[in-house]
Each structure stands twice: as structure tokens, then as C-alpha cells.
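Novice: Supplied structure: input-v3.txt, compact mmCIF, C-alpha atoms.
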```
# COMPACT_ATOMS: atom_id res chain seq x y z
CA MET A 13 -118.80 -47.06 78.50
CA ALA A 14 -120.30 -43.60 78.09
CA ASP A 15 -121.37 -41.68 81.19
CA SER A 16 -125.13 -41.80 81.70
CA GLN A 17 -127.35 -38.87 82.57
CA LEU A 18 -130.95 -38.75 83.70
CA PHE A 19 -133.33 -36.70 81.54
CA ARG A 20 -136.90 -35.70 82.28
CA TRP A 21 -139.03 -35.64 79.12
CA THR A 22 -142.53 -34.84 77.93
CA GLY A 23 -143.95 -35.73 74.54
CA VAL A 24 -146.76 -37.17 72.46
CA ASP A 25 -147.06 -40.88 71.71
CA LYS A 26 -148.25 -42.48 68.45
CA ASN A 27 -151.87 -42.22 69.63
CA GLY A 28 -151.58 -38.47 70.17
CA LYS A 29 -151.63 -38.81 73.96
CA ARG A 30 -149.49 -36.54 76.12
CA VAL A 31 -146.88 -38.63 77.97
CA SER A 32 -143.88 -37.96 80.19
CA GLY A 33 -141.15 -39.79 82.02
CA GLU A 34 -137.43 -40.13 82.65
CA ILE A 35 -134.73 -41.69 80.51
CA LYS A 36 -131.03 -42.45 80.94
CA ALA A 37 -128.73 -41.55 78.07
CA SER A 38 -125.19 -40.36 77.45
CA ASP A 39 -126.44 -37.01 76.15
CA SER A 40 -129.58 -35.25 74.92
CA LYS A 41 -129.18 -36.49 71.33
CA ASP A 42 -129.09 -40.14 72.43
CA ALA A 43 -132.12 -39.51 74.63
CA GLN A 44 -134.06 -38.07 71.70
CA SER A 45 -133.05 -40.97 69.46
CA GLU A 46 -134.22 -43.51 72.04
CA LEU A 47 -137.54 -41.72 72.47
CA ARG A 48 -138.07 -41.62 68.71
CA ARG A 49 -137.50 -45.39 68.66
CA ARG A 50 -140.31 -45.60 71.19
CA ASN A 51 -142.56 -43.61 68.81
CA VAL A 52 -142.55 -40.58 71.09
CA GLU A 53 -142.47 -37.10 69.63
CA VAL A 54 -140.39 -35.09 72.12
CA ILE A 55 -141.75 -31.76 73.36
CA THR A 56 -139.39 -31.01 76.25
CA LEU A 57 -136.18 -32.67 77.36
CA GLN A 58 -134.36 -31.52 80.48
CA LEU A 59 -131.32 -32.79 82.34
CA ARG A 60 -132.90 -33.94 85.58
CA ALA A 61 -130.17 -35.24 87.87
CA LYS A 62 -126.82 -36.90 87.67
CA THR A 63 -126.63 -40.65 88.07
CA ARG A 64 -124.05 -42.58 90.01
CA PHE A 65 -121.56 -42.65 87.14
CA SER A 66 -122.30 -39.28 85.53
CA LYS A 67 -120.27 -36.12 85.67
CA ARG A 68 -121.47 -33.16 87.65
CA PRO A 69 -123.71 -30.94 85.48
CA GLN A 70 -122.05 -27.69 84.43
CA LYS A 71 -123.50 -24.52 85.88
CA VAL A 72 -125.19 -22.09 83.51
CA LYS A 73 -123.69 -18.67 84.19
CA ALA A 74 -124.79 -15.19 83.23
CA GLN A 75 -122.04 -15.16 80.61
CA ASP A 76 -123.64 -18.22 78.96
CA ILE A 77 -127.01 -16.46 78.79
CA LEU A 78 -125.31 -13.34 77.39
CA LEU A 79 -123.60 -15.29 74.60
CA PHE A 80 -126.81 -17.18 73.85
CA THR A 81 -128.73 -13.89 73.57
CA ARG A 82 -126.02 -12.37 71.34
CA TYR A 83 -125.90 -15.41 69.03
CA LEU A 84 -129.69 -15.61 68.73
CA ALA A 85 -129.95 -11.88 67.98
CA THR A 86 -127.23 -12.11 65.31
CA MET A 87 -128.81 -15.12 63.60
CA MET A 88 -132.27 -13.59 63.60
CA ALA A 89 -130.83 -10.40 62.12
CA ALA A 90 -129.31 -12.59 59.38
CA GLY A 91 -132.76 -13.96 58.61
CA LEU A 92 -132.43 -17.49 60.02
CA PRO A 93 -135.63 -19.16 61.26
CA ILE A 94 -135.75 -19.53 65.02
CA LEU A 95 -135.54 -23.35 64.98
CA GLN A 96 -132.53 -23.34 62.67
CA ALA A 97 -130.86 -20.67 64.82
CA LEU A 98 -131.38 -22.75 67.97
CA GLU A 99 -130.01 -25.82 66.21
CA VAL A 100 -126.82 -23.99 65.23
CA ILE A 101 -126.35 -22.40 68.66
CA GLY A 102 -126.90 -25.73 70.41
CA ARG A 103 -124.20 -27.45 68.37
CA ASP A 104 -121.61 -24.81 69.34
CA GLN A 105 -122.17 -25.09 73.10
CA ASP A 106 -119.34 -26.45 75.25
CA ASN A 107 -121.49 -26.26 78.37
CA THR A 108 -123.52 -29.49 78.42
CA SER A 109 -126.25 -28.03 80.63
CA MET A 110 -126.64 -25.09 78.26
CA ARG A 111 -126.72 -27.42 75.26
CA ASP A 112 -129.43 -29.56 76.84
CA PHE A 113 -131.42 -26.44 77.68
CA ILE A 114 -131.25 -25.24 74.06
CA VAL A 115 -132.37 -28.67 72.81
CA ALA A 116 -135.36 -28.55 75.17
CA LEU A 117 -136.06 -24.99 74.06
CA LYS A 118 -136.03 -26.03 70.40
CA ASN A 119 -138.38 -28.91 71.15
CA ASN A 120 -140.77 -26.57 72.93
CA VAL A 121 -140.83 -24.13 70.02
CA SER A 122 -141.25 -26.92 67.44
CA GLY A 123 -144.12 -28.25 69.60
CA GLY A 124 -146.03 -24.99 69.17
CA LYS A 125 -144.94 -22.89 72.12
CA THR A 126 -143.72 -19.35 71.70
CA LEU A 127 -140.16 -18.44 72.60
CA GLY A 128 -141.38 -16.41 75.58
CA GLU A 129 -143.44 -19.32 76.90
CA SER A 130 -140.45 -21.63 76.51
CA PHE A 131 -138.16 -19.21 78.36
CA ALA A 132 -140.72 -18.98 81.17
CA GLU A 133 -140.13 -22.67 81.94
CA TYR A 134 -136.55 -21.80 82.98
CA PRO A 135 -136.82 -19.09 85.67
CA GLN A 136 -133.44 -20.24 87.00
CA PHE A 137 -131.87 -18.90 83.79
CA PHE A 138 -134.09 -15.97 82.82
CA THR A 139 -135.47 -13.10 84.90
CA PRO A 140 -139.14 -12.05 84.64
CA LEU A 141 -137.90 -8.91 82.87
CA TYR A 142 -136.10 -10.94 80.20
CA ILE A 143 -139.14 -13.16 79.61
CA SER A 144 -141.54 -10.20 79.44
CA LEU A 145 -139.38 -8.38 76.90
CA ILE A 146 -139.11 -11.51 74.72
CA LYS A 147 -142.90 -11.87 74.74
CA ILE A 148 -143.30 -8.22 73.75
CA GLY A 149 -140.75 -8.67 70.97
CA GLU A 150 -142.64 -11.65 69.58
CA LYS A 151 -145.96 -9.79 69.63
CA SER A 152 -144.55 -6.62 68.06
CA GLY A 153 -142.37 -8.35 65.47
CA MET A 154 -139.27 -6.69 66.97
CA LEU A 155 -137.76 -9.81 68.54
CA GLY A 156 -134.36 -9.39 66.86
CA LYS A 157 -134.05 -5.76 68.00
CA ILE A 158 -135.09 -6.59 71.56
CA LEU A 159 -132.65 -9.51 71.71
CA GLN A 160 -129.86 -7.15 70.65
CA GLU A 161 -130.88 -4.63 73.34
CA LEU A 162 -131.12 -7.41 75.91
CA GLY A 163 -127.59 -8.49 75.02
CA ASP A 164 -126.32 -4.95 75.57
CA TYR A 165 -128.29 -4.69 78.81
CA ILE A 166 -127.00 -7.98 80.24
CA GLU A 167 -123.42 -7.14 79.29
CA LYS A 168 -123.53 -3.75 80.99
CA THR A 169 -125.25 -5.01 84.12
CA GLU A 170 -122.84 -7.94 84.47
CA ASN A 171 -119.84 -5.63 84.04
CA LEU A 172 -121.29 -3.41 86.75
CA LYS A 173 -121.81 -6.40 89.07
CA ARG A 174 -118.19 -7.44 88.58
CA LYS A 175 -117.03 -3.95 89.48
CA VAL A 176 -119.13 -3.90 92.65
CA LYS A 177 -117.85 -7.34 93.69
CA LYS A 178 -114.31 -6.15 93.08
CA ALA A 179 -114.94 -3.15 95.32
CA MET A 180 -116.24 -5.38 98.12
CA ILE A 181 -113.24 -7.70 97.94
CA TYR A 182 -110.75 -5.06 99.12
CA PRO A 183 -112.31 -4.32 102.54
CA ALA A 184 -112.90 -8.05 103.03
CA ALA A 185 -109.25 -8.67 102.17
CA ILE A 186 -108.10 -6.17 104.81
CA VAL A 187 -110.18 -7.84 107.52
CA THR A 188 -109.19 -11.37 106.45
CA VAL A 189 -105.45 -10.66 106.33
CA ALA A 190 -105.59 -8.84 109.66
CA LEU A 191 -107.39 -11.78 111.30
CA ILE A 192 -105.01 -14.38 109.87
CA VAL A 193 -101.91 -12.46 110.99
CA SER A 194 -103.39 -11.90 114.46
CA LEU A 195 -104.31 -15.57 114.89
CA ILE A 196 -100.86 -16.76 113.80
CA LEU A 197 -99.18 -14.44 116.30
CA LEU A 198 -101.57 -15.28 119.14
CA LEU A 199 -101.61 -19.06 118.63
CA PHE A 200 -97.98 -19.75 117.68
CA VAL A 201 -95.70 -16.81 118.49
CA VAL A 202 -97.00 -15.49 121.82
CA PRO A 203 -96.82 -18.91 123.59
CA HIS A 204 -93.05 -19.07 122.94
CA PHE A 205 -92.55 -15.68 124.55
CA GLN A 206 -94.79 -16.75 127.43
CA ASP A 207 -92.45 -19.65 128.19
CA VAL A 208 -89.51 -17.25 128.27
CA PHE A 209 -91.31 -14.74 130.50
CA SER A 210 -92.35 -17.42 133.01
CA SER A 211 -88.68 -17.91 133.90
CA PHE A 212 -88.24 -14.23 134.79
CA GLY A 213 -90.30 -14.42 137.95
CA ALA A 214 -91.16 -10.73 137.64
CA LYS A 215 -94.50 -9.02 137.11
CA LEU A 216 -95.14 -8.39 133.44
CA PRO A 217 -96.46 -5.09 132.03
CA ALA A 218 -100.25 -4.84 131.80
CA PHE A 219 -100.28 -4.75 127.99
CA THR A 220 -98.15 -7.90 127.80
CA ARG A 221 -100.38 -9.71 130.34
CA TYR A 222 -103.45 -8.76 128.31
CA VAL A 223 -101.98 -10.23 125.09
CA ILE A 224 -100.84 -13.43 126.85
CA ASN A 225 -104.23 -13.93 128.53
CA PHE A 226 -106.00 -13.44 125.23
CA SER A 227 -103.66 -15.96 123.60
CA ASN A 228 -104.40 -18.49 126.35
CA PHE A 229 -108.12 -17.95 125.92
CA LEU A 230 -107.93 -18.53 122.15
CA ARG A 231 -105.92 -21.72 122.54
CA ALA A 232 -108.30 -23.05 125.20
CA TYR A 233 -111.59 -22.06 123.60
CA TRP A 234 -110.84 -21.96 119.88
CA TRP A 235 -113.61 -24.49 119.32
CA LEU A 236 -116.10 -22.11 120.95
CA MET A 237 -115.11 -19.28 118.63
CA VAL A 238 -115.24 -21.50 115.53
CA GLY A 239 -118.66 -22.79 116.61
CA GLY A 240 -119.83 -19.22 117.19
CA VAL A 241 -118.73 -18.12 113.71
CA VAL A 242 -120.29 -21.15 112.00
CA GLY A 243 -123.48 -20.79 114.05
CA GLY A 244 -123.65 -17.08 113.28
CA VAL A 245 -123.29 -17.70 109.55
CA MET A 246 -125.98 -20.39 109.58
CA TYR A 247 -128.33 -18.24 111.66
CA ASN A 248 -127.77 -15.30 109.31
CA ARG A 249 -128.68 -17.51 106.34
CA HIS A 250 -131.78 -18.75 108.14
CA LEU A 251 -132.97 -15.22 108.93
CA HIS A 252 -132.18 -14.06 105.40
CA ARG A 253 -134.26 -16.91 104.00
CA THR A 254 -137.23 -16.62 106.37
CA SER A 255 -137.46 -13.00 107.54
CA GLN A 256 -138.34 -10.17 105.18
CA SER A 257 -137.76 -7.55 107.90
CA TYR A 258 -134.24 -8.93 108.47
CA ARG A 259 -133.45 -8.70 104.74
CA ASP A 260 -134.78 -5.14 104.68
CA LYS A 261 -132.66 -4.07 107.66
CA LYS A 262 -129.57 -5.72 106.19
CA ASP A 263 -130.08 -3.94 102.87
CA GLU A 264 -130.51 -0.63 104.70
CA LEU A 265 -127.30 -1.26 106.63
CA ILE A 266 -125.37 -2.05 103.44
CA LEU A 267 -126.39 1.30 101.96
CA ARG A 268 -125.00 3.09 105.05
CA MET A 269 -121.62 1.33 105.03
CA MET A 270 -118.51 3.39 104.35
CA ILE A 271 -116.95 2.91 100.90
CA ILE A 272 -119.29 0.04 99.99
CA GLY A 273 -122.57 1.92 100.55
CA PRO A 274 -122.04 4.67 97.95
CA ILE A 275 -120.83 2.14 95.38
CA ILE A 276 -123.87 -0.09 95.92
CA ARG A 277 -126.21 2.92 95.76
CA LYS A 278 -124.76 4.20 92.50
CA SER A 279 -124.81 0.75 90.91
CA ILE A 280 -128.49 0.35 91.83
CA ILE A 281 -129.33 3.74 90.30
CA ALA A 282 -127.49 2.72 87.13
CA ARG A 283 -129.37 -0.60 87.03
CA TYR A 284 -132.72 1.14 87.63
CA THR A 285 -132.29 3.69 84.85
CA ARG A 286 -130.82 1.16 82.41
CA THR A 287 -133.66 -1.27 83.04
CA PHE A 288 -136.28 1.46 82.78
CA ALA A 289 -134.83 2.58 79.45
CA ILE A 290 -134.97 -0.87 77.86
CA THR A 291 -138.56 -1.41 79.01
CA LEU A 292 -139.60 1.94 77.54
CA ASP A 293 -137.88 1.15 74.22
CA ALA A 294 -139.70 -2.21 74.09
CA GLY A 295 -143.07 -0.63 74.81
CA MET A 296 -143.69 -2.58 78.03
CA PRO A 297 -146.65 -1.30 80.09
CA LEU A 298 -145.53 0.82 83.04
CA VAL A 299 -146.98 -1.32 85.83
CA GLU A 300 -145.56 -4.52 84.37
CA ALA A 301 -142.20 -2.82 83.81
CA MET A 302 -142.04 -1.51 87.38
CA LYS A 303 -142.87 -4.91 88.86
CA ALA A 304 -140.16 -6.55 86.76
CA MET A 305 -137.69 -3.80 87.71
CA SER A 306 -138.34 -4.19 91.44
CA GLU A 307 -137.18 -7.81 91.16
CA VAL A 308 -133.81 -6.91 89.63
CA MET A 309 -132.87 -4.03 91.95
CA GLY A 310 -131.01 -6.37 94.30
CA ASN A 311 -131.89 -4.22 97.33
CA ALA A 312 -135.15 -4.20 99.29
CA VAL A 313 -134.98 -0.45 99.93
CA TYR A 314 -134.90 0.40 96.25
CA ALA A 315 -137.35 -2.37 95.35
CA ARG A 316 -139.93 -0.72 97.62
CA ALA A 317 -139.05 2.67 96.15
CA VAL A 318 -139.70 1.39 92.61
CA MET A 319 -143.18 0.20 93.58
CA GLN A 320 -143.80 3.53 95.33
CA ILE A 321 -142.77 5.37 92.16
CA CYS A 322 -145.08 3.10 90.15
CA ALA A 323 -148.05 3.95 92.39
CA GLU A 324 -147.33 7.69 92.15
CA VAL A 325 -147.07 7.62 88.35
CA VAL A 326 -150.27 5.57 88.02
CA ASN A 327 -152.00 8.22 90.16
CA GLY A 328 -150.96 10.90 87.67
CA ASN A 329 -147.73 12.28 89.10
CA GLN A 330 -144.72 12.86 86.89
CA LEU A 331 -141.87 10.36 87.06
CA TYR A 332 -139.23 12.82 88.28
CA ILE A 333 -141.52 14.04 91.10
CA ALA A 334 -142.20 10.46 92.21
CA MET A 335 -138.47 9.66 92.15
CA GLY A 336 -137.59 12.78 94.12
CA ALA A 337 -140.19 11.94 96.77
CA THR A 338 -138.36 8.71 97.66
CA LYS A 339 -135.23 10.66 98.72
CA LEU A 340 -133.13 7.83 97.27
CA PHE A 341 -132.10 9.35 93.94
CA PRO A 342 -129.51 12.13 93.53
CA ASN A 343 -130.77 15.51 92.39
CA MET A 344 -128.74 15.24 89.16
CA ALA A 345 -130.53 12.04 88.15
CA VAL A 346 -133.94 13.49 89.00
CA GLN A 347 -133.25 16.68 87.01
CA MET A 348 -132.06 14.79 83.92
CA ILE A 349 -135.18 12.62 83.98
CA SER A 350 -137.27 15.78 84.38
CA ILE A 351 -135.66 17.14 81.19
CA GLY A 352 -136.27 13.83 79.43
CA GLU A 353 -139.96 13.87 80.35
CA ALA A 354 -140.39 17.47 79.22
CA SER A 355 -138.57 16.98 75.90
CA GLY A 356 -139.95 13.54 75.05
CA THR A 357 -136.51 11.94 75.25
CA LEU A 358 -136.98 10.02 78.51
CA SER A 359 -135.40 6.79 77.26
CA GLU A 360 -132.32 8.65 76.02
CA MET A 361 -131.95 10.53 79.32
CA LEU A 362 -132.33 7.32 81.32
CA ASN A 363 -129.51 5.76 79.33
CA LYS A 364 -127.34 8.83 79.89
CA VAL A 365 -127.93 8.66 83.65
CA ALA A 366 -127.04 4.95 83.59
CA ASP A 367 -123.86 5.67 81.60
CA TYR A 368 -122.84 8.37 84.07
CA TYR A 369 -123.26 6.24 87.19
CA GLU A 370 -121.69 3.16 85.59
CA ALA A 371 -118.65 5.27 84.70
CA ASP A 372 -118.62 6.69 88.24
CA VAL A 373 -118.63 3.20 89.78
CA ASN A 374 -115.85 2.13 87.40
CA ASN A 375 -113.70 5.09 88.43
CA ILE A 376 -114.27 4.49 92.15
CA VAL A 377 -113.40 0.82 91.92
CA ASP A 378 -110.33 1.45 89.75
CA ASN A 379 -109.02 3.96 92.29
CA LEU A 380 -110.00 1.89 95.30
CA SER A 381 -107.05 -0.49 95.14
CA SER A 382 -104.49 2.32 95.14
CA LEU A 383 -106.31 4.03 98.01
CA LEU A 384 -106.64 0.89 100.13
CA GLU A 385 -103.12 -0.46 99.70
CA PRO A 386 -101.66 2.08 102.18
CA LEU A 387 -104.56 1.33 104.54
CA ILE A 388 -103.80 -2.41 104.39
CA MET A 389 -100.14 -1.73 105.18
CA ALA A 390 -101.10 0.58 108.04
CA VAL A 391 -103.52 -1.94 109.58
CA LEU A 392 -100.99 -4.77 109.35
CA GLY A 393 -98.27 -2.49 110.72
CA VAL A 394 -100.39 -1.56 113.75
CA ILE A 395 -101.27 -5.20 114.45
CA ILE A 396 -97.75 -6.56 114.09
CA GLY A 397 -96.25 -3.55 115.87
CA SER A 398 -98.62 -3.99 118.83
CA PHE A 399 -97.58 -7.62 119.26
CA VAL A 400 -93.90 -6.73 118.97
CA VAL A 401 -94.25 -4.04 121.62
CA ALA A 402 -96.22 -6.35 123.91
CA MET A 403 -93.64 -9.14 123.66
CA TYR A 404 -90.48 -7.02 123.89
CA LEU A 405 -91.72 -4.55 126.53
CA PRO A 406 -90.72 -6.87 129.44
CA ILE A 407 -87.27 -7.36 127.88
CA PHE A 408 -86.79 -3.60 127.56
CA LYS A 409 -87.81 -3.09 131.19
CA MET A 410 -85.37 -5.75 132.35
CA GLY A 411 -82.60 -4.10 130.36
CA SER A 412 -83.27 -0.76 132.08
CA LEU A 413 -82.49 -2.34 135.46
CA PHE A 414 -78.85 -2.94 134.54
```
How does this structure look as C-alpha cells?
Specialist:
Amino acid sequence: MADSQLFRWTGVDKNGKRVSGEIKASDSKDAQSELRRRNVEVITLQLRAKTRFSKRPQKVKAQDILLFTRYLATMMAAGLPILQALEVIGRDQDNTSMRDFIVALKNNVSGGKTLGESFAEYPQFFTPLYISLIKIGEKSGMLGKILQELGDYIEKTENLKRKVKKAMIYPAAIVTVALIVSLILLLFVVPHFQDVFSSFGAKLPAFTRYVINFSNFLRAYWWLMVGGVVGGVMYNRHLHRTSQSYRDKKDELILRMMIIGPIIRKSIIARYTRTFAITLDAGMPLVEAMKAMSEVMGNAVYARAVMQICAEVVNGNQLYIAMGATKLFPNMAVQMISIGEASGTLSEMLNKVADYYEADVNNIVDNLSSLLEPLIMAVLGVIIGSFVVAMYLPIFKMGSLF
């Protein structure tokens, strides 16, 4: 028996009345067939929730949206009508959630909605910037060109995100490995030495006593430490979800962190200039572009700066002056944008600034592993060496008595 899935649908019945409901079917095609048998013309069809016997819906990733954008741009450049292009793309999807989304998208467009309006119904897949650019492309007749530029933009921003995540993994790896090694030594190795030392009947060195006492504390109150970590993580999530000031302070702290801070800052500058360039090329109004850009900065400090720049430009100031006033952009970036404004090549200069900082982030991340490997070895050496000294120091002192 085929696995069933629950779909939420809207449509028009045989009397021309707008209707909606839910239907169980093995896939979106079966759901549409069943609705047609009920004399319902489907407008939207979305996978709603999994039933008791259904498989877990596949997650739609940024890579899926990138491929969808690339395919749609290619097919429109080849002259295929939008509905036919969506039909072809939908058939080639391995991701069931993505396939169901494309079916619903096709139904929306065939029901009279524009592509931009249809995309707007899926904010979990598409950013406000993406939707705004699609709407501009439809109005200007440049949809194919904008889809191609969006594909390039998504690919570059996702590559940059991967690089930043890679950079953050190395410091986290150092801390994680150091903690694991320390816990193993304190919970399993030190107690064995403690049993040996208890038979000596002599006073142990202060450093050894400190390590043994700490080991005893961990073994006795490990549950308290685990509860503290879990509680801290949950409280952090709560504050992040409910407190704007907490999110702002955390974003400010991230920008000040060693190693990570400069990488994050440069990646944000690259994202800002790349996003600004694509909005200029598409002809998006400045205020609308700035609002959309503030939502994709990924950092509250720079999101506020973007809106500050927007207000300054609306009041008549030049872009490079407004950017310089925030004190968040390097002088090189500000000067290149100044040249772009003066020469009428702002979009080209913005792309060049983005290329420069993306390449800079790539170089930093590529070199980070070779730089941090000796640091990892040094940290582990200090930790393990400290435990070895603490455990063997009493033995050495006893040996000196003979």
C-alpha cells in the first residue's frame, strides 16, 4: 500500500465557488487526480503534514532553490512558456517537498497569479529580496535575466556562507576536543591514581590535590553541570527569540571575537555589496532595496547600518559618505564606491568590492586550518601534560626520598 500524505488545497468547484480543504494521497499527482474527479479545479496544493504511515517530508535546502532558479532561467532563455518550464522542472525533482511546491506554484500561475505573487506564498523558501526582484523582472520583461542574476547571487552567497561556517568549525573543534580529553582524564584516569595515592599516607602536592578535588567534584555533581549547560542553551534560545537587545549585543560580540569577527565582518560586507549590485541592476527602488537588504545581512549591527545609510541617501547625501559615517565599512570599500558613484559605474564597483572580500574570506579560511593545527596540538599538549605532571608529581617526590 502506498504511503499517504496530507495535502492542503484550494480550488474552484463546478459552480465557480472558491473552496478549500485537505486530502490524503500518495503524492501530489494522485491528489490532483482525485480533486479533478470531484470536479474541483485546483489552484494551490501544498504538502500539509505527514500522516501516521507517511515518510518524513524532505527539507528544501538553499541548494534546491539555487538549482530551481538556474533551471527556470535556462528554460526561459530557451523560450519555454513558464507553465511548461515548471512542468519540466517538477518532473525532474528528487526532493518530494520541492516537487510538491513546484506543482502548487504551477497551479497558482495557471490560476491567474503572477510568479512573484506565487513565490510570496512561500516565505520559508524565498527571501523578500528574491520575491521583489522576481516581481520587478515580470513588470520589466527581464525575468529571464533577473533569474540568471539571482542564480549567480545565490550561488556566491551560499559559497560564502559555507566558508564562514568552515571557519567557525575550527575554533569549536579545539574547544570540543579539549573538553572531551579533559573529561576523560578527570572522570576515568584521575580516580585510579587517587586510589594509589591514598595508600601512600603522605601529603600530596597542592597541584595534585587541586586536580583530584576537581575530579571528585565532577563525579559527584556531573548532573548539575549537565543541567547548567542544557539550561544555559535553552535560556540563550529563549532570549534570542524574545529579546531584540540580546540579539543586538550578541551580534556585536561576534564582530569583536578573535579570528571569527573579521571573517564575519568581511562576509557581511561582501553580502551587502553583492546584494546592492543586483538590486541596482534590476532597477529596484532604493528604499525597497535597502529594506530587503537589511533582512539578509544576518547581523543586527549591519542591518541597522543599512537602514541608516538608506535614511542618509534619501536625505540627499551620497552613498559613500553615508557608508563612511557608519564606521563599519573599510576605507577601501568606501573609496571604490565613491569612484563608482562619480563615474556612473556603481553597480560594477559594488561587484568588484564583493569579489575582493569574498576572495579574502576564502583565503583566510583556506589558511585557517594550517594555522590552527599547531594550536590544537599545543592546547592538547598543555592539557594532557598538566594532568601527567599532576599525577606523577607525588611519585617523583617519593623517589627523591630514597
Novice: Need the shell around Arg174 in chain A: protein/DNA/RNA residues with any atom at most 12 Å away, counting all atoms listed in the file. Skip same-chain ones fewer than 5 positions apart. Format as a list in words?
Specialist: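 Near neighbours after the sequence-gap exclusion: Ala74, Gln75, Glu167, Lys168, Thr169, Ala179, Met180, Ile181, Ile276, Ser279, Glu370, Val373, Asn374, Val377 and Asp378 of chain A.
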Novice: To one decimal place, how far is CA of Ser144 in chain A from CA of Met296 in chain A in Å?
Specialist: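 Atom-to-atom, CA of Ser144 in chain A and CA of Met296 in chain A are spaced 8.0 Å apart.
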Novice: I'd like the neighbourhood of range 93-109 of chain A as a ChimeraX atom specification, where a residue qualifies if any of its atoms comes within 12 Å (using all atoms listed in the file), though same-chain residues fewer than 3 positions away should be ignored.
Specialist: /A:17,19,38-41,57-62,67-73,75-77,79-90,112-127,137,150,155-156
Novice: Could you please determine the separation between CA of Ala317 in chain A and CA of Ser355 in chain A in Å, to one decimal place?
Specialist: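 Pair CA of Ala317 in chain A / CA of Ser355 in chain A returns 24.8 Å.
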Novice: Can you work out which one of A:Gly128, A:Ala289, A:Ala218, A:Lys29 has the shortest atom-to-atom distance to Val401 in chain A, counting all atoms listed in the file?
Specialist: A:Ala218
Novice: Go ahead and compute the interatomic distance for CA of Gly352 in chain A and CA of Gly310 in chain A, in Å to one decimal.
Specialist: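 According to the coordinates, CA of Gly352 in chain A and CA of Gly310 in chain A are separated by 25.6 Å.
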Novice: Would you mind listing what lies within 9 Å of range 208-212 of chain A as a ChimeraX atom specification, with all atoms listed in the file counted and same-chain residues fewer than 5 positions away left out?
Specialist: /A:203,406-407
Novice: Each side padded by 4 Å, which centre and which edge lengths in Å (one decimal) define the axis-aligned box around the listed atoms of range 334-346 of chain A? Give them as lines of an AutoDock Vina configuration file.
Specialist:
```
center_x = -135.5
center_y = 11.7
center_z = 93.4
size_x = 21.5
size_y = 15.7
size_z = 18.6
```
Novice: Go through range 93-149 of chain A and flag each residue having an atom no more than 12 Å from range 281-288 of chain A; for those, report the closest pair of atoms plus their distance in Å to one decimal, using only C-alpha atoms, ordered by chain and rising number, as CSV.
Specialist:
```
residue,atom,partner,partner_atom,distance
A:Leu141,CA,A:Thr287,CA,8.7
A:Tyr142,CA,A:Thr287,CA,10.4
A:Leu145,CA,A:Thr287,CA,11.0
```
Novice: Taking all atoms listed in the file into account, which of A:Ser359, A:Asn27, A:Ser306, A:Asn228 comes nearest Ala294 in chain A?
Specialist: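 Looking only at the distances to Ala294 in chain A, the closest residue turns out to be A:Ser359.
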Novice: So which one's closest to Asp260 in chain A, A:Val313, A:Ile388, A:Ile351, A:Ile158? Using only C-alpha atoms, please.
Specialist: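 For Asp260 in chain A, the nearest of the given residues is A:Val313.
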Novice: May I have the residues within 12 Å of Ala312 in chain A as a ChimeraX atom specification, using only C-alpha atoms and disregarding those fewer than 6 positions away in the same chain?
Specialist: /A:252,256-267,277,280,305-306,318-319
Novice: Pick the closest to Gly28 in chain A from A:Thr357, A:Asn51, A:Thr254, A:Asn171: which is it, counting only C-alpha atoms?
Specialist: A:Asn51
